[in-house]
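Note sheet for the following structure.
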Amino acid sequence: MAVIVKQVKLSWLDRTYFWPVFKGMVITFGHFLRNLFTSTPKRYTVQYPDMKRVMPEGYRGLHELKRHADGSIKCVACFMCAEACPARCITIRAEEFSDLNLTQGFEEKRPRVFKIDMLRCIYCGYCEEACPKDAIWLRKDYELSAYDRLSMQYGKWDLMNTYAEEDGKARITTDPKPAVCSQKASL
Amino acid sequence: MDTLSALLHLSPETFWMIVKILVVFAGPLTIAALLTWVERRGSAMIQDRIGPNRAAIFGFRLIGLPQIAADGIKAFLKEDLVPAEANKVLFWLAPLLAFIPAVLGMAVIPFGQSFESGGHTYHMSLLDPGNGMGMLFPMAIGAMAVYGVLVAAWSSNNKWSILGGMRASAQMVSDELSMSLAVIAIFMTAGAYDPHDLIQAQYGLWNVVPHFLGFLVFFTCMFAETNRLPFDFAEGESEIVAGFLTEYGSMKFALIYLSEYIHLVVASALIVTLYFGGWRVPFVANPGPWLSVASFLAKTLFFCWVFVWVRWTVPRFRYDQLMKMGWKVLLPLSLINFLFHAFLMFRRG
């Protein structure tokens, strides 16, 4: 394909070469002065370990498994996320759960194992979209690194605690004992 | 001055000589070291970056200044490699050949107004006026600097190096001529070539006004002379790896680089002496020693900054473009400048 190269007709002033260089120097000095009087945090560069970028809304980072107010998991082990996952990184083992009460949503199924292989995950967010219970969220943490592969296998309790500090929630490591609920009698 | 030298049990001449040697040797070295920092931080600011700011002394970052020391220490501690097929003697000699002419350049340039103290006249240049060399000395020594580049290129036994060295020598020939013609016009109008006399002749009107064309030519040639970016063909990272520096590492590399920066300082000092009245202060007839030194330093530092500034503004020329510019533009321009001043002198009689 032929490309027509646009020939720019230079004025005599441009052809002296000194005048364009001078104009360029004015531009670069403008940048110099602007940066000289801009404090470091306000420059374009985010100096990473010291300053952290605030991720935009809708950013898909590390997952969180949401929990109810009493600390029980929202997930009902329906396997929708595992089915939706294009990277096949979610492993779920369900368990039966018979102590019905209100906060656990009257469900009788919950994951015994809920594992995401973060090395496989492509952070597409399909699991979040597939979830009928709004139990898995992709949030803004992007600093995922570890010294070995095993550390990148996030289990159920890892995933439930990923944003515990940030949200001011307690870290939990066991399913809470079902509280005896007053509404149980009416059911 | 007499009491100061008596305190050190030295004759005033000896004492003053030692002071001058310290100033002329350590001054450009210090400025060159600082320039590496200015170059990196300044370019960062011009390009909206941050620049090196991580080196720290006891946790104090001091706006990146420890980077100079860090670079020096790193250069000293690195393994000193000499390529197997290189000419070892010349390979070792080349950094010195680059460094010594660079340092020598400042020897005749007056860095302040001469002053009297206790019946003695003290001149502020390493070689007193009337030494017979005058401004010819820095010109000649500056031209010697290309030997450092050439020897480095030749001894490396590397095709990139030899290409860089050939370019450096061809470039030197093509711009040395127009540079010398520009300077000769100044010698002619001042009727002298001693820097003290040149500065004396610039009383009232700096040479940059009548010799503006010559200044442009000289300034452009100085970029080629110092191997700096619009004309850095000898190094030419984008085409010939690192040119004559390809095989150099550790402190040898640092020495060549340092001598390039010293060249830059000397080039600024030359520009100041030839075109901007040396140590003269505007509207002050006799500035005296302190003010004159400060004025010279300020002007020199300003031109050092202009060298850095232009480097980060203008993209590289192509090799043939420089050749064309050297022979077809700069040489006629400086000839015109020369003939114009010759004509003016002829008309004045």
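Just so we're on the same page: first chain in the structure tokens is A, next is B, and so on; residues restart at 1 for each chain, and ligands are numbered from 1 in the order they show up.
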Do me a favour and pick out the residues of chain B within 6 Å of chain A, using only C-alpha atoms, as a PyMOL selection string. chain B and resi 45-46+313
I'd like the neighbourhood of region 91-97 of chain A as JSON, numbers by chain, where a residue qualifies if any of its atoms comes within 9 Å (using only C-alpha atoms), though same-chain residues fewer than 2 positions away should be ignored. {"A": [76, 77, 78, 79, 82, 88, 89, 99, 100, 107, 108, 109, 110, 111, 112, 113, 114, 115, 116, 117]}
Neighbouring residues of Ile109 (chain B) were defined as those with any atom within 6 Å, considering only C-alpha atoms; residues of the same chain fewer than 2 positions away were excluded. Please report them as a PyMOL selection string. chain B and resi 106-107+125
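Proximity to Trp327 (chain B) was assessed for B:Arg348, B:Cys221, B:Ala75, B:Ser11 counting only C-alpha atoms; the smallest distance is recorded for B:Cys221.
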Mind checking DSSP for region 59-176 of chain A and telling me the alpha helix (DSSP H) residues as a ChimeraX atom specification? /A:80-84,126-130,156-161,164-167
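Considering only chain A, backbone DSSP assigns strand (DSSP E) to His63, Glu64, Leu65, Ile90, Thr91, Ile92, Arg93, Ala94, Glu95, Glu96, Lys109, Arg110, Pro111, Arg112, Val113, Phe114, Lys115, Ile116, Asp117, Ile136, Trp137, Leu138, Gln153 and Tyr154 of chain A.
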Dump C-alpha atoms for the selected residues as a PDB file, in the first residue's frame?
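Output file again.pdb is given in full below:
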```
ATOM      1  CA  HIS A  63     -10.822 -12.117  45.808  1.00  0.00           C
ATOM      2  CA  GLU A  64     -12.696 -11.962  49.043  1.00  0.00           C
ATOM      3  CA  LEU A  65     -15.243 -14.525  50.230  1.00  0.00           C
ATOM      4  CA  ILE A  90     -11.539 -22.702  41.755  1.00  0.00           C
ATOM      5  CA  THR A  91     -11.813 -25.956  43.685  1.00  0.00           C
ATOM      6  CA  ILE A  92     -14.870 -26.448  45.895  1.00  0.00           C
ATOM      7  CA  ARG A  93     -15.781 -29.353  48.167  1.00  0.00           C
ATOM      8  CA  ALA A  94     -19.254 -28.953  49.573  1.00  0.00           C
ATOM      9  CA  GLU A  95     -20.466 -30.168  52.915  1.00  0.00           C
ATOM     10  CA  GLU A  96     -23.870 -30.623  54.398  1.00  0.00           C
ATOM     11  CA  LYS A 109     -24.860 -26.458  52.048  1.00  0.00           C
ATOM     12  CA  ARG A 110     -21.582 -24.677  52.432  1.00  0.00           C
ATOM     13  CA  PRO A 111     -18.016 -25.178  51.152  1.00  0.00           C
ATOM     14  CA  ARG A 112     -15.780 -27.362  53.263  1.00  0.00           C
ATOM     15  CA  VAL A 113     -12.932 -26.495  50.924  1.00  0.00           C
ATOM     16  CA  PHE A 114     -12.913 -23.380  48.770  1.00  0.00           C
ATOM     17  CA  LYS A 115      -9.584 -23.013  47.049  1.00  0.00           C
ATOM     18  CA  ILE A 116      -8.430 -20.563  44.400  1.00  0.00           C
ATOM     19  CA  ASP A 117      -5.130 -21.126  42.663  1.00  0.00           C
ATOM     20  CA  ILE A 136     -17.245 -13.668  46.077  1.00  0.00           C
ATOM     21  CA  TRP A 137     -15.887 -10.226  45.273  1.00  0.00           C
ATOM     22  CA  LEU A 138     -12.813  -9.205  43.346  1.00  0.00           C
ATOM     23  CA  GLN A 153      -3.058 -21.558  46.825  1.00  0.00           C
ATOM     24  CA  TYR A 154      -5.599 -19.512  48.753  1.00  0.00           C
TER      25      TYR A 154
END
```
Shortest interatomic distance to Leu270 (chain B) - which of B:Gly130, B:Pro195, B:Gly72, B:Gly51, counting only C-alpha atoms: B:Pro195
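Checking B:Phe25, B:Gly42, B:Ser117, B:Ile31 one by one against Pro289 (chain B), counting only C-alpha atoms, you find the shortest gap at B:Ser117.
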Show me, as a PyMOL selection string, the residues that have an atom within 9 Å of Ile271 (chain B) when counting only C-alpha atoms, minus same-chain residues fewer than 6 positions from it. chain B and resi 215+218-219+222+278+300+303
